[in-house]
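Engineer: Right, I'll just put the structure down here and ask away after.
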There are 2 protein chains.
Amino acid sequence: MGIIDMRDSRPIFEQISDWYRKLILQGVMEPDEKMPSVRNLAMELSTNPNTVQRAYADLEQKGFIYTVRGRGNFVCGGQVLVQQRKEEMIREIRAILDEGVSMGLDPRDLAREALSGLPQADGKGGQS
Amino acid sequence: MGIIDMRDSRPIFEQISDWYRKLILQGVMEPDEKMPSVRNLAMELSTNPNTVQRAYADLEQKGFIYTVRGRGNFVCGGQVLVQQRKEEMIREIRAILDEGVSMGLDPRDLAREALSGLPQADGKGGQS
DNA sequence: CCCTGTGTATTATTTATCTTAGTACACTTA
DNA sequence: TAAGTGTACTAAGATAAATAATACACAGGG
């Protein structure tokens with residue numbers, strides 16, 4: 001699946017932002033690595049520079065990239081963002097489990113079924 | 001929190017649909033119980049009858065309510081919907097855990113932290 | 001039958017968001 | 001100097017959401 005999915009109802013800038021957010025959190029984009037230029041990425045995705053610019057503004061506002069005038073956008077480092085996202089994930093899962101409880105379901109049962117058949121962590125990220 | 005939250009970026013019809021979806025899944029609205037009339041609910045929520053109508057159309061399309069011409073909308077029963085929602089929840093949790101794994105996190109750790117401090121199922125729904 | 005309440009359909013208008021387009025300016029580096 | 005970079009601005013088009021007003025068909029109570 002590419003960066004932009006036409007069947008996805010979310011706005012393009014959000015799909016771009018989400019794509020790179022995941023790349024950064026996964027360590028595929030390393031700290032201080034240069035992001036594609038606004039114009040280049042717009043060309044590559046057959047979209048508008050303004051749309052890419054908005055995606056980058058979103059990433060910057062959320063602390064995933066930083067800007068150097070005249071040079072480009074670069075990836076922020078690393079562990080703090082992973083930790084923040086981890087806590088956000090826990091809140092998201094907890095919200096689902098809460099809803100399950102309100103329906104009379106057993107949250108441990110939900111968690112157990114969600115865990116079954118998952119690949120294990122590869123430890124590449126080295127989160128200690 | 002009321003049905004409509006102005007700080008919520010989701011459309012009003014979706015908030016209404018979601019609200020009643022949860023009431024039905026929680027058993028607060030019982031099978032064959034009458035839904036508020038389109039005009040009454042619109043009045044109560046200070047919104048447009050068309051918006052409520054759209055929410056009801058959404059609920060009907062998803063199988064949560066049924067319509068009797070000239071009489072009103074009524075709640076569908078019960079266990080099949082709960083089971084469907086349960087499986088959907090498991091898929092949602094699994095997607096989050098997958099993302100965590102791609103970041104090098106341990107999914108069992110995420111699940112355990114999400115479970116900690118949750119209220120237990122009250123068994124009111126009686127899901128066997 | 002008549003009246004009221006119900007869902008449903010239609011058209012139009014307004015509003016907000018997203019996207020594209022084009023232009024311009026300041027900064028950095030080769 | 002020239003090319004590449006981010007950034008700002010205005011304008012226009014497209015789409016979705018919400019409101020407004022009207023109309024029609026059906027069910028039930030009197």
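Following the order of the structure tokens, first chain is A, next is B, and so on, with residues numbered from 1 inside each chain and ligands from 1 in the order they appear.
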Where does chain A meet chain B within 10 Å, residue by residue, with the nearest atom pair and distance in Å to one decimal for each, counting only C-alpha atoms, listed by chain and rising number, as a tab-separated table?
Structural biologist:
```
residue	atom	partner	partner_atom	distance
A:Lys22	CA	B:Glu99	CA	8.2
A:Leu23	CA	B:Met103	CA	9.1
A:Ile24	CA	B:Met103	CA	9.2
A:Leu25	CA	B:Met103	CA	6.0
A:Gln26	CA	B:Met103	CA	4.4
A:Gly27	CA	B:Met103	CA	7.4
A:Val28	CA	B:Met103	CA	9.7
A:Val82	CA	B:Met103	CA	7.6
A:Gln83	CA	B:Leu105	CA	9.8
A:Arg85	CA	B:Gly100	CA	8.8
A:Lys86	CA	B:Gly100	CA	7.3
A:Glu87	CA	B:Leu110	CA	8.8
A:Met89	CA	B:Ile96	CA	6.6
A:Ile90	CA	B:Ala114	CA	5.0
A:Arg91	CA	B:Ala114	CA	6.9
A:Glu92	CA	B:Ile96	CA	8.2
A:Ile93	CA	B:Ile93	CA	6.0
A:Arg94	CA	B:Ala114	CA	5.1
A:Ala95	CA	B:Ala114	CA	8.9
A:Ile96	CA	B:Met89	CA	6.6
A:Leu97	CA	B:Leu115	CA	7.8
A:Asp98	CA	B:Leu118	CA	7.4
A:Glu99	CA	B:Lys22	CA	8.2
A:Gly100	CA	B:Lys86	CA	7.3
A:Val101	CA	B:Ala121	CA	5.0
A:Ser102	CA	B:Gln26	CA	5.9
A:Met103	CA	B:Gln26	CA	4.5
A:Gly104	CA	B:Gly125	CA	4.7
A:Leu105	CA	B:Ala121	CA	6.0
A:Asp106	CA	B:Ala121	CA	5.5
A:Pro107	CA	B:Leu115	CA	7.2
A:Arg108	CA	B:Leu115	CA	7.1
A:Asp109	CA	B:Ile90	CA	9.7
A:Leu110	CA	B:Ile90	CA	6.2
A:Ala111	CA	B:Ala111	CA	6.1
A:Arg112	CA	B:Ala111	CA	8.3
A:Glu113	CA	B:Ile90	CA	6.7
A:Ala114	CA	B:Ile90	CA	5.0
A:Leu115	CA	B:Arg94	CA	6.8
A:Ser116	CA	B:Arg94	CA	9.0
A:Gly117	CA	B:Arg94	CA	9.5
A:Leu118	CA	B:Asp98	CA	7.4
A:Pro119	CA	B:Val101	CA	7.6
A:Gln120	CA	B:Val101	CA	6.8
A:Ala121	CA	B:Val101	CA	5.0
A:Asp122	CA	B:Gly104	CA	6.1
A:Gly123	CA	B:Gly104	CA	5.1
A:Lys124	CA	B:Gly104	CA	5.9
A:Gly125	CA	B:Gly104	CA	4.7
A:Gly126	CA	B:Gly104	CA	6.7
A:Gln127	CA	B:Gly104	CA	6.7
A:Ser128	CA	B:Leu105	CA	9.4
```
Engineer: Can I get the selection written as a short mmCIF file (atom, residue, chain, number, x, y, z; two decimals), in the first residue's frame, with N, CA and C atoms?
Structural biologist:
```
data_model
loop_
_atom_site.label_atom_id
_atom_site.label_comp_id
_atom_site.auth_asym_id
_atom_site.auth_seq_id
_atom_site.Cartn_x
_atom_site.Cartn_y
_atom_site.Cartn_z
N LYS A 22 4.51 7.04 11.26
CA LYS A 22 4.81 5.63 11.52
C LYS A 22 6.26 5.28 11.16
N LEU A 23 6.72 5.82 10.01
CA LEU A 23 8.12 5.54 9.62
C LEU A 23 9.08 6.00 10.69
N ILE A 24 8.81 7.17 11.26
CA ILE A 24 9.70 7.73 12.28
C ILE A 24 9.65 6.89 13.55
N LEU A 25 8.41 6.53 13.97
CA LEU A 25 8.26 5.74 15.20
C LEU A 25 8.86 4.35 15.04
N GLN A 26 8.86 3.83 13.82
CA GLN A 26 9.41 2.50 13.59
C GLN A 26 10.93 2.53 13.43
N GLY A 27 11.49 3.75 13.35
CA GLY A 27 12.93 3.84 13.19
C GLY A 27 13.39 3.69 11.75
N VAL A 28 12.44 3.59 10.81
CA VAL A 28 12.82 3.53 9.39
C VAL A 28 13.44 4.86 8.98
N VAL A 82 8.53 7.62 20.94
CA VAL A 82 8.05 6.24 21.07
C VAL A 82 7.29 6.07 22.38
N GLN A 83 7.85 6.65 23.44
CA GLN A 83 7.21 6.53 24.75
C GLN A 83 5.84 7.21 24.76
N ARG A 85 3.89 7.75 22.16
CA ARG A 85 2.96 6.96 21.34
C ARG A 85 2.52 5.71 22.08
N LYS A 86 3.44 5.13 22.84
CA LYS A 86 3.08 3.94 23.61
C LYS A 86 1.98 4.24 24.60
N GLU A 87 2.11 5.36 25.30
CA GLU A 87 1.09 5.72 26.29
C GLU A 87 -0.24 6.04 25.61
N MET A 89 -1.26 4.66 22.83
CA MET A 89 -1.82 3.36 22.45
C MET A 89 -2.54 2.72 23.63
N ILE A 90 -1.92 2.80 24.79
CA ILE A 90 -2.53 2.20 25.98
C ILE A 90 -3.88 2.85 26.26
N ARG A 91 -3.93 4.18 26.10
CA ARG A 91 -5.22 4.87 26.31
C ARG A 91 -6.26 4.42 25.28
N GLU A 92 -5.82 4.24 24.04
CA GLU A 92 -6.75 3.81 22.99
C GLU A 92 -7.30 2.42 23.29
N ILE A 93 -6.41 1.51 23.67
CA ILE A 93 -6.86 0.15 23.98
C ILE A 93 -7.79 0.18 25.18
N ARG A 94 -7.43 0.98 26.17
CA ARG A 94 -8.24 1.04 27.38
C ARG A 94 -9.65 1.54 27.07
N ALA A 95 -9.76 2.50 26.13
CA ALA A 95 -11.08 3.01 25.75
C ALA A 95 -11.94 1.90 25.15
N ILE A 96 -11.31 1.07 24.32
CA ILE A 96 -12.06 -0.04 23.71
C ILE A 96 -12.48 -1.04 24.78
N LEU A 97 -11.55 -1.35 25.67
CA LEU A 97 -11.87 -2.31 26.74
C LEU A 97 -12.99 -1.75 27.62
N ASP A 98 -12.96 -0.46 27.89
CA ASP A 98 -14.01 0.19 28.68
C ASP A 98 -15.38 -0.03 28.03
N GLU A 99 -15.41 0.19 26.72
CA GLU A 99 -16.68 0.00 26.01
C GLU A 99 -17.12 -1.45 26.12
N GLY A 100 -16.15 -2.36 26.01
CA GLY A 100 -16.49 -3.78 26.13
C GLY A 100 -17.09 -4.09 27.50
N VAL A 101 -16.50 -3.53 28.55
CA VAL A 101 -17.01 -3.75 29.91
C VAL A 101 -18.44 -3.25 30.02
N SER A 102 -18.69 -2.09 29.40
CA SER A 102 -20.05 -1.52 29.49
C SER A 102 -21.06 -2.40 28.75
N MET A 103 -20.55 -3.28 27.87
CA MET A 103 -21.43 -4.20 27.15
C MET A 103 -21.51 -5.54 27.87
N GLY A 104 -20.83 -5.64 28.99
CA GLY A 104 -20.87 -6.89 29.76
C GLY A 104 -19.81 -7.89 29.35
N LEU A 105 -18.83 -7.44 28.55
CA LEU A 105 -17.76 -8.35 28.12
C LEU A 105 -16.62 -8.34 29.13
N ASP A 106 -15.82 -9.37 29.10
CA ASP A 106 -14.66 -9.48 29.98
C ASP A 106 -13.45 -8.89 29.28
N PRO A 107 -12.86 -7.81 29.82
CA PRO A 107 -11.75 -7.14 29.15
C PRO A 107 -10.53 -8.05 28.99
N ARG A 108 -10.29 -8.94 29.96
CA ARG A 108 -9.15 -9.85 29.82
C ARG A 108 -9.37 -10.81 28.66
N ASP A 109 -10.64 -11.18 28.47
CA ASP A 109 -10.96 -12.05 27.35
C ASP A 109 -10.68 -11.32 26.03
N LEU A 110 -11.10 -10.05 25.94
CA LEU A 110 -10.85 -9.27 24.73
C LEU A 110 -9.35 -9.16 24.47
N ALA A 111 -8.59 -8.83 25.51
CA ALA A 111 -7.14 -8.67 25.36
C ALA A 111 -6.50 -9.98 24.92
N ARG A 112 -6.95 -11.06 25.52
CA ARG A 112 -6.37 -12.36 25.19
C ARG A 112 -6.64 -12.72 23.73
N GLU A 113 -7.87 -12.50 23.29
CA GLU A 113 -8.20 -12.83 21.90
C GLU A 113 -7.46 -11.93 20.91
N ALA A 114 -7.26 -10.65 21.30
CA ALA A 114 -6.53 -9.75 20.41
C ALA A 114 -5.06 -10.16 20.30
N LEU A 115 -4.54 -10.70 21.39
CA LEU A 115 -3.13 -11.08 21.41
C LEU A 115 -2.87 -12.37 20.63
N SER A 116 -3.88 -13.23 20.57
CA SER A 116 -3.65 -14.55 19.96
C SER A 116 -3.37 -14.39 18.47
N GLY A 117 -2.29 -15.01 18.03
CA GLY A 117 -1.95 -14.99 16.61
C GLY A 117 -1.21 -13.76 16.16
N LEU A 118 -0.68 -12.99 17.11
CA LEU A 118 0.13 -11.82 16.75
C LEU A 118 1.59 -12.21 16.60
N PRO A 119 2.31 -11.54 15.66
CA PRO A 119 3.77 -11.72 15.61
C PRO A 119 4.39 -11.13 16.87
N GLN A 120 5.54 -11.65 17.26
CA GLN A 120 6.21 -11.14 18.46
C GLN A 120 7.09 -9.94 18.13
N ALA A 121 7.42 -9.17 19.16
CA ALA A 121 8.33 -8.02 18.98
C ALA A 121 9.69 -8.54 18.52
N ASP A 122 10.30 -7.80 17.53
CA ASP A 122 11.60 -8.25 17.04
C ASP A 122 12.75 -7.63 17.81
N GLY A 123 12.41 -6.70 18.69
CA GLY A 123 13.44 -6.11 19.54
C GLY A 123 14.39 -5.18 18.81
N LYS A 124 14.12 -4.92 17.50
CA LYS A 124 15.00 -4.06 16.73
C LYS A 124 15.08 -2.65 17.31
N GLY A 125 13.94 -2.18 17.81
CA GLY A 125 13.89 -0.83 18.37
C GLY A 125 14.69 -0.70 19.65
N GLY A 126 14.85 -1.79 20.35
CA GLY A 126 15.64 -1.78 21.57
C GLY A 126 15.05 -0.95 22.70
N GLN A 127 13.71 -0.95 22.82
CA GLN A 127 13.06 -0.22 23.93
C GLN A 127 13.32 -0.97 25.23
N SER A 128 14.11 -0.39 26.11
CA SER A 128 14.40 -1.07 27.37
C SER A 128 13.46 -0.61 28.46
#
```
Engineer: Could you list, as a list in words, every residue of chain D that has an atom within 12 Å of an atom of chain B, counting only C-alpha atoms (C1' of nucleotides)?
Structural biologist: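 So the contacting residues turn out to be DA16, DA17, DA18, DT19, DA20, DA21, DA25, DC26, DA27 and DG28 of chain D.
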Engineer: Based on DSSP run over this structure's backbone, return all residues of chain B in alpha helix (DSSP H), as a PyMOL selection string.
Structural biologist: chain B and resi 12-25+38-45+49-61+79-102+107-115
Engineer: Find, counting only C-alpha atoms (C1' of nucleotides), the residue in C:DT20, C:DT6, C:DT15, C:DT29 that gets nearest to chain B.
Structural biologist: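 Of the candidates, the smallest distance to chain B is held by C:DT6.
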Engineer: Which neighbours of DG29 in chain D fall inside 12 Å, counting only C-alpha atoms (C1' of nucleotides), when residues of the same chain fewer than 3 positions from it are skipped, and could you give them as JSON, numbers by chain?
Structural biologist: {"C": [2, 3, 4, 5]}
Engineer: Considering only C-alpha atoms, state which residue in the set A:Leu81, A:Gln15, A:Met35, A:Ala55 is at the smallest distance from Met1 in chain A.
Structural biologist: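 Counting only C-alpha atoms, the residue closest to Met1 in chain A is A:Gln15.
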Engineer: If we count only C-alpha atoms (C1' of nucleotides), what is near DA14 in chain D at a cut-off of 12 Å, once residues fewer than 3 positions away on the same chain are taken out, given as a list in words?
Structural biologist: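 After dropping sequence-adjacent residues, the list is DT17, DC18, DT19 and DT20 of chain C.
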Engineer: Please write the residues from the selection above to a file, keeping C-alpha atoms (C1' of nucleotides), as a short mmCIF file (atom, residue, chain, number, x, y, z; two decimals), in the first residue's frame.
Structural biologist:
```
data_model
loop_
_atom_site.label_atom_id
_atom_site.label_comp_id
_atom_site.auth_asym_id
_atom_site.auth_seq_id
_atom_site.Cartn_x
_atom_site.Cartn_y
_atom_site.Cartn_z
"C1'" DT C 17 -12.77 21.81 4.86
"C1'" DC C 18 -9.79 20.01 1.50
"C1'" DT C 19 -7.32 20.55 -2.64
"C1'" DT C 20 -5.32 22.75 -6.42
#
```
Engineer: Distance CA of Ile4 in chain B-CA of Trp19 in chain B, one decimal place?
Structural biologist: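 Separating CA of Ile4 in chain B from CA of Trp19 in chain B is a distance of 8.8 Å.
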Engineer: Write out as a CSV table (one decimal) with C-alpha atoms, in the first residue's frame all residues of chain B that backbone DSSP assigns to strand (DSSP E).
Structural biologist:
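That gives us states_8.csv:
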```csv
chain,number,residue,atom,x,y,z
B,65,ILE,CA,-32.8,-0.3,14.4
B,66,TYR,CA,-35.7,-1.1,12.1
B,67,THR,CA,-38.5,1.1,10.7
B,68,VAL,CA,-42.2,0.7,10.7
B,72,GLY,CA,-41.5,5.0,14.1
B,73,ASN,CA,-38.0,3.4,14.5
B,74,PHE,CA,-37.4,0.5,16.9
B,75,VAL,CA,-34.4,-1.2,18.4
```
Engineer: Give me, as an MDAnalysis selection string, all polymer residues having an atom no more than 12 Å from DC25 in chain C, counting only C-alpha atoms (C1' of nucleotides) and skipping those fewer than 3 positions away in the same chain.
Structural biologist: chainID D and resid 6:9
Engineer: Output N, CA and C atoms (P, O5', C5', C4', C3', O3' and C1' of nucleotides) for every residue in that selection, as an mmCIF file, in the first residue's frame.
Structural biologist:
```cif
data_model
loop_
_atom_site.group_PDB
_atom_site.id
_atom_site.type_symbol
_atom_site.label_atom_id
_atom_site.label_comp_id
_atom_site.auth_asym_id
_atom_site.auth_seq_id
_atom_site.Cartn_x
_atom_site.Cartn_y
_atom_site.Cartn_z
ATOM 1 P P DG D 6 11.595 21.879 1.867
ATOM 2 O "O5'" DG D 6 11.264 23.130 2.792
ATOM 3 C "C5'" DG D 6 11.916 23.258 4.048
ATOM 4 C "C4'" DG D 6 11.609 24.615 4.652
ATOM 5 C "C3'" DG D 6 10.145 24.799 5.074
ATOM 6 O "O3'" DG D 6 10.095 25.484 6.322
ATOM 7 C "C1'" DG D 6 10.723 26.463 3.497
ATOM 8 P P DT D 7 8.671 25.559 7.062
ATOM 9 O "O5'" DT D 7 8.052 26.901 6.460
ATOM 10 C "C5'" DT D 7 8.746 28.126 6.642
ATOM 11 C "C4'" DT D 7 8.021 29.253 5.952
ATOM 12 C "C3'" DT D 7 6.510 29.281 6.206
ATOM 13 O "O3'" DT D 7 6.207 30.396 7.027
ATOM 14 C "C1'" DT D 7 7.073 29.750 3.924
ATOM 15 P P DA D 8 4.687 30.604 7.521
ATOM 16 O "O5'" DA D 8 4.120 31.651 6.439
ATOM 17 C "C5'" DA D 8 4.908 32.785 6.091
ATOM 18 C "C4'" DA D 8 4.187 33.596 5.033
ATOM 19 C "C3'" DA D 8 2.661 33.632 5.216
ATOM 20 O "O3'" DA D 8 2.224 34.984 5.289
ATOM 21 C "C1'" DA D 8 3.230 33.011 2.988
ATOM 22 P P DC D 9 0.708 35.302 5.746
ATOM 23 O "O5'" DC D 9 -0.031 35.564 4.365
ATOM 24 C "C5'" DC D 9 0.569 36.430 3.412
ATOM 25 C "C4'" DC D 9 -0.102 36.278 2.053
ATOM 26 C "C3'" DC D 9 -1.608 36.058 2.130
ATOM 27 O "O3'" DC D 9 -2.261 37.307 1.897
ATOM 28 C "C1'" DC D 9 -0.545 34.677 0.452
#
```
Engineer: Grab the CA of Arg21 in chain B to CA of Lys62 in chain B distance for me, in Å with one decimal place.
Structural biologist: 9.4 Å
Engineer: How many Å separate CA of Cys76 in chain B from CA of Leu59 in chain B?
Structural biologist: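 Those two atoms sit 10.1 Å apart.
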Engineer: Looking at D:DA12, D:DT5, D:DA23, D:DG30, which one is nearest to DT10 in chain C, with distances taken over only C-alpha atoms (C1' of nucleotides)?
Structural biologist: D:DA23
Engineer: Choose the residue, out of C:DA30, C:DC1, C:DA21, C:DT11, that has the smallest atom-to-atom separation from chain A; count only C-alpha atoms (C1' of nucleotides).
Structural biologist: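 Checking each of C:DA30, C:DC1, C:DA21, C:DT11 against chain A, counting only C-alpha atoms (C1' of nucleotides), the winner is C:DA21.
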